[in-house]
Amino acid sequence: MASQDAKGIADALLNLDMDATVNQVKSVIHGGSDISLEDAVRALTTALETIGKRFQDGEWFIGELVYAGEIAKAAMDLLTPRLAAGATRRLGTIVVGTVAGDLHDLGKNIFISYATAAGFDIVDLGVDVPVQKFIDAARKRQPLAVGMSCLLTVTAGQVGEVIAALKHAGLRDSVKVIIGGAAMTQGFAEEVGADAFAPDAVTGTETLKGWSA
Amino acid sequence: MNFRDRFLTAMEHAEPDRVPVMGLILDTATVNQVLGKKPTDLVGMLQKPILRSVLRALMNNHWYATRAQYRNAAAIMETAIKLGFDANWSLYWTMQLNPDPAASMGMAFHDAWGRVWEIGSDGKGNMVTNYTRSLCETETQWEAWVEQKRPVYDQLIADATTFHKRLTQAYNDRILSIGYAAPGVFENCWQPMGFVNFTKLVYQQRDFVKRMIAFHTDFYLRYLEGVLQSDVDIVLGGDDLGQKTGPLMRPDLIDTLYGESYRRIAELVHRYKKKLLWHSCGNIYLFLDKFIEWGFDGIITLEPTAGMDLAKVREQVGHKLVLVGNLDVSYLLVRGTREEIEEAVKQAIRAAATGGGYILSPSHSHALVDATRLQWMIEAAHRWGRYPISI
């Protein structure tokens, strides 16, 4: 029965059914189910991993990925306040922003939606973020990683400047750097000394999970 | 063969004298470089209170704004002619410069559909604007917004009609002016609501989304009909359906929601005996067959940085869709050497030009696209694009 209830939560998320997911989580919270809060979290996490795989296999697309993230977030917003401290492991803090001169935020926001649902705490610096703001946030929040989004070729140089400033501030060895966006490539990541290039939100989140482990 | 015959022959999947070359919405930096103009520091001016007030009054003045748009478009056409393009697209747009506390400059452009365009600099002293945010979040907000803007939409259609008539009359003997009807129906639905919010609406309020689609389809068809009343031979529609690795939304869902709109757009263009090129950024392999189903005549962009391989696209749909673009603007037309550009042009022609149906073009435009490299691209196209293709 317990495993059926967990499967029900996972299936509801995989069916992109917001009401069913939320109602089943509420049932767990109010004692209407045999599974624990932690089991519910695990069911959501497992479903999200399946969704990420479907996206990477080309079966699902950004729209579904984003909406699944929103459903998982709604469910986690119900569960998190009720979980005992430390009952579910947060995966780490990520400082994210679109580099200076670039005002695009779609890719960044999709990443935030998915990575938050996957268990990361995101510090969103917004768009057109000056180099120093990345450095200040890295120093203050001591994140697992700094993520930079860059859509425009014209502003790609900013990525290298942030990495150089992290080195100059003595922070580079303690923080990973991940980059994404239309103007970014694996070659560019290697050129500027980023630790990883993420062509999409799922790959980026998987890379971060690897660093978090 | 003149530029028009060359372009239209290629659009018929037949071989003209040589591969046509098409320019996009050339950025101000490119125009300045070619025409020898100095940049106007509008961003700097907007940071000074008195100048800001003056500029805001001017930019929001209908008489001034329509003339400024025409002057800019004319400068783009002059640039394209000087560079040697056979065709260039032209766009009429309307936005208001408004105070906006959430914008980095404290003000931003708000367009007629509910998008925020933040102001920035292109690094060469020119102002650029980028879509950043939405002005509506809910059904009620959107309903109120479009109701309030109804007179603006009517004016926009009238102005766009006049704009394209004037532009084609002035330039049709020197270059093929391709009328751009934008933004597209999909973009007009999601961008004024935000993408994350829009995905929720698609799954939770499908009837509302259908109502938005119906509204924007009706507007788009009216706007397009205005463009078609000018002397344009080709119109360019657009909706960015792809992102770097694939579709933004699943193709069958896009077909369900938007397919009928796209079919009606193509039918309208064909009723006027004209051709429809469709612009979409990103990786759009999964839409190629849909584009044929919807009735598009050609597609433009074919971004190599999103994995679009010209030879592969040609093999998949080249017999039905005219292919335009694919020259890289991330490196090649920004910093590439003359030899690299020549090789890329040869490769594109080799991949897609035999038998007609290919128009060489940059995959996109931005401020760092270098006019000298555009010139090299065109020269290489002239050198290697003569029919019969023998490279």
# chains A, B, ... in the order shown; residues from 1 in each chain; ligands from 1
$ closest_atom_pairs --of "chain B" --to "chain A" --cutoff "6 Å" --atoms "only C-alpha atoms" --output "CSV"
residue,atom,partner,partner_atom,distance
B:Thr132,CA,A:His104,CA,5.6
B:Thr199,CA,A:Gly63,CA,5.9
B:Leu248,CA,A:Ile62,CA,5.1
B:Met249,CA,A:Gly63,CA,4.8
B:Arg250,CA,A:Phe61,CA,5.6
B:Ser330,CA,A:Thr153,CA,5.9
$ write_last_selection --atoms "N, CA, C and O atoms" --output "PDB file, in the first residue's frame"
ATOM      1  N   THR B 132      12.893  41.194 -21.764  1.00  0.00           N
ATOM      2  CA  THR B 132      13.317  40.615 -20.487  1.00  0.00           C
ATOM      3  C   THR B 132      12.161  40.118 -19.620  1.00  0.00           C
ATOM      4  O   THR B 132      12.317  39.160 -18.877  1.00  0.00           O
ATOM      5  N   THR B 199       3.497  28.182 -19.387  1.00  0.00           N
ATOM      6  CA  THR B 199       3.379  26.717 -19.366  1.00  0.00           C
ATOM      7  C   THR B 199       2.279  26.284 -18.382  1.00  0.00           C
ATOM      8  O   THR B 199       1.529  25.343 -18.640  1.00  0.00           O
ATOM      9  N   LEU B 248      10.882  24.351 -27.830  1.00  0.00           N
ATOM     10  CA  LEU B 248      10.476  24.939 -26.553  1.00  0.00           C
ATOM     11  C   LEU B 248       9.299  24.160 -25.963  1.00  0.00           C
ATOM     12  O   LEU B 248       9.217  23.958 -24.759  1.00  0.00           O
ATOM     13  N   MET B 249       8.383  23.769 -26.831  1.00  0.00           N
ATOM     14  CA  MET B 249       7.250  22.955 -26.373  1.00  0.00           C
ATOM     15  C   MET B 249       7.094  21.784 -27.335  1.00  0.00           C
ATOM     16  O   MET B 249       7.566  21.840 -28.469  1.00  0.00           O
ATOM     17  N   ARG B 250       6.392  20.750 -26.906  1.00  0.00           N
ATOM     18  CA  ARG B 250       6.348  19.557 -27.758  1.00  0.00           C
ATOM     19  C   ARG B 250       5.640  19.882 -29.078  1.00  0.00           C
ATOM     20  O   ARG B 250       4.599  20.551 -29.110  1.00  0.00           O
ATOM     21  N   SER B 330      28.317  33.318 -34.265  1.00  0.00           N
ATOM     22  CA  SER B 330      28.940  33.290 -32.942  1.00  0.00           C
ATOM     23  C   SER B 330      30.448  33.529 -33.071  1.00  0.00           C
ATOM     24  O   SER B 330      31.062  34.185 -32.240  1.00  0.00           O
TER      25      SER B 330
END
$ select_by_dssp --residues "segment 256-386 of chain B" --states "strand (DSSP E or B)" --output "list in words"
Lys275, Leu276, Leu277, Trp278, His279, Ser280, Gly298, Ile299, Ile300, Thr301, Val322, Leu323, Val324, Gly325, Leu327, Tyr358, Ile359, Leu360, Pro362 and Arg386 of chain B
$ atom_distance --atom1 "atom CA of Leu221 of chain B" --atom2 "atom CA of Asp154 of chain B"
12.4 Å
$ residues_around --residues "Trp376 of chain B" --least-positions-apart "3" --cutoff "8 Å" --atoms "only C-alpha atoms" --output "count of residues only"
7
$ residues_around --residues "Val313 of chain B" --least-positions-apart "4" --cutoff "9 Å" --atoms "only C-alpha atoms" --output "number ranges by chain"
B: 285, 288, 302, 308-309, 317-318, 323, 352
$ write_last_selection --atoms "N, CA, C and O atoms" --output "PDB file, in the first residue's frame"
ATOM      1  N   TYR B 285      14.626  20.777 -35.815  1.00  0.00           N
ATOM      2  CA  TYR B 285      14.467  19.565 -36.636  1.00  0.00           C
ATOM      3  C   TYR B 285      13.055  18.978 -36.514  1.00  0.00           C
ATOM      4  O   TYR B 285      12.466  18.547 -37.493  1.00  0.00           O
ATOM      5  N   LEU B 288      10.355  20.570 -38.786  1.00  0.00           N
ATOM      6  CA  LEU B 288      10.538  20.744 -40.233  1.00  0.00           C
ATOM      7  C   LEU B 288       9.359  20.190 -41.034  1.00  0.00           C
ATOM      8  O   LEU B 288       8.865  20.845 -41.958  1.00  0.00           O
ATOM      9  N   LEU B 302      18.286  28.581 -39.281  1.00  0.00           N
ATOM     10  CA  LEU B 302      19.091  27.352 -39.335  1.00  0.00           C
ATOM     11  C   LEU B 302      20.407  27.537 -38.580  1.00  0.00           C
ATOM     12  O   LEU B 302      21.496  27.391 -39.125  1.00  0.00           O
ATOM     13  N   MET B 308      21.874  22.917 -36.120  1.00  0.00           N
ATOM     14  CA  MET B 308      21.206  22.786 -37.417  1.00  0.00           C
ATOM     15  C   MET B 308      22.248  22.580 -38.516  1.00  0.00           C
ATOM     16  O   MET B 308      23.044  23.480 -38.801  1.00  0.00           O
ATOM     17  N   ASP B 309      22.224  21.397 -39.094  1.00  0.00           N
ATOM     18  CA  ASP B 309      23.175  21.019 -40.139  1.00  0.00           C
ATOM     19  C   ASP B 309      22.479  21.194 -41.496  1.00  0.00           C
ATOM     20  O   ASP B 309      21.466  20.532 -41.771  1.00  0.00           O
ATOM     21  N   VAL B 317      14.062  18.101 -45.858  1.00  0.00           N
ATOM     22  CA  VAL B 317      12.917  18.890 -46.360  1.00  0.00           C
ATOM     23  C   VAL B 317      13.268  19.843 -47.506  1.00  0.00           C
ATOM     24  O   VAL B 317      12.432  20.642 -47.914  1.00  0.00           O
ATOM     25  N   GLY B 318      14.494  19.749 -48.010  1.00  0.00           N
ATOM     26  CA  GLY B 318      14.945  20.718 -49.012  1.00  0.00           C
ATOM     27  C   GLY B 318      14.154  20.704 -50.305  1.00  0.00           C
ATOM     28  O   GLY B 318      14.150  21.686 -51.044  1.00  0.00           O
ATOM     29  N   LEU B 323      15.569  26.936 -48.118  1.00  0.00           N
ATOM     30  CA  LEU B 323      16.390  27.088 -46.917  1.00  0.00           C
ATOM     31  C   LEU B 323      17.170  28.396 -47.003  1.00  0.00           C
ATOM     32  O   LEU B 323      17.782  28.694 -48.026  1.00  0.00           O
ATOM     33  N   ALA B 352      23.588  22.792 -50.021  1.00  0.00           N
ATOM     34  CA  ALA B 352      22.152  23.094 -50.187  1.00  0.00           C
ATOM     35  C   ALA B 352      21.758  23.790 -51.479  1.00  0.00           C
ATOM     36  O   ALA B 352      20.573  23.974 -51.722  1.00  0.00           O
TER      37      ALA B 352
END
$ select_by_dssp --residues "segment 30-175 of chain A" --states "alpha helix (DSSP H)" --output "ChimeraX atom specification"
/A:37-56,62-79,106-118,131-141,157-168
$ atom_distance --atom1 "atom CA of Val31 of chain B" --atom2 "atom CA of Asn72 of chain B"
9.2 Å
$ residues_around --residues "Gly194 of chain B" --least-positions-apart "3" --cutoff "7 Å" --atoms "only C-alpha atoms" --output "list in words"
Arg133, Ser134, Trp190, Gln191, Asn197 and Phe198 of chain B
$ closest_residue --among "A:Gly147, A:Gly210, A:Gly8, A:Gly187" --to "Ile35 of chain A" --atoms "only C-alpha atoms"
A:Gly8
$ closest_residue --among "B:Met95, B:Leu321, B:Met377, B:Ala75" --to "Thr30 of chain B" --atoms "only C-alpha atoms"
B:Ala75
$ atom_distance --atom1 "atom CA of Thr98 of chain A" --atom2 "atom CA of Ile122 of chain A"
13.6 Å
$ residues_around --residues "Ala103 of chain B" --least-positions-apart "5" --cutoff "9 Å" --atoms "only C-alpha atoms" --output "PDB file with N, CA, C and O atoms, in the first residue's frame"
ATOM      1  N   ALA B 108      12.131  51.643 -19.313  1.00  0.00           N
ATOM      2  CA  ALA B 108      12.263  50.569 -20.299  1.00  0.00           C
ATOM      3  C   ALA B 108      11.207  50.770 -21.370  1.00  0.00           C
ATOM      4  O   ALA B 108      10.249  51.530 -21.181  1.00  0.00           O
ATOM      5  N   VAL B 116       8.304  43.758 -21.767  1.00  0.00           N
ATOM      6  CA  VAL B 116       9.264  44.774 -21.355  1.00  0.00           C
ATOM      7  C   VAL B 116      10.551  44.549 -22.130  1.00  0.00           C
ATOM      8  O   VAL B 116      11.064  43.425 -22.186  1.00  0.00           O
ATOM      9  N   GLU B 118      14.270  45.860 -22.044  1.00  0.00           N
ATOM     10  CA  GLU B 118      15.214  46.676 -21.280  1.00  0.00           C
ATOM     11  C   GLU B 118      16.281  47.254 -22.188  1.00  0.00           C
ATOM     12  O   GLU B 118      16.633  46.685 -23.222  1.00  0.00           O
ATOM     13  N   ILE B 119      16.785  48.393 -21.752  1.00  0.00           N
ATOM     14  CA  ILE B 119      17.730  49.152 -22.570  1.00  0.00           C
ATOM     15  C   ILE B 119      19.153  48.810 -22.155  1.00  0.00           C
ATOM     16  O   ILE B 119      19.475  48.731 -20.974  1.00  0.00           O
TER      17      ILE B 119
END
$ closest_residue --among "B:Asp173, B:Glu15, B:Glu225, B:Asp328" --to "Ile157 of chain B" --atoms "only C-alpha atoms"
B:Glu225
$ closest_residue --among "B:Phe195, B:Phe7, B:Phe208, B:Tyr131" --to "Ser177 of chain B" --atoms "only C-alpha atoms"
B:Phe7
$ residues_around --residues "Val227 of chain B" --least-positions-apart "3" --cutoff "8 Å" --atoms "only C-alpha atoms" --output "list in words"
Ala160, Thr161, His164, Lys165, Gly179, Tyr180, Ala181, Tyr223, Leu224, Ser230, Val232 and Val235 of chain B
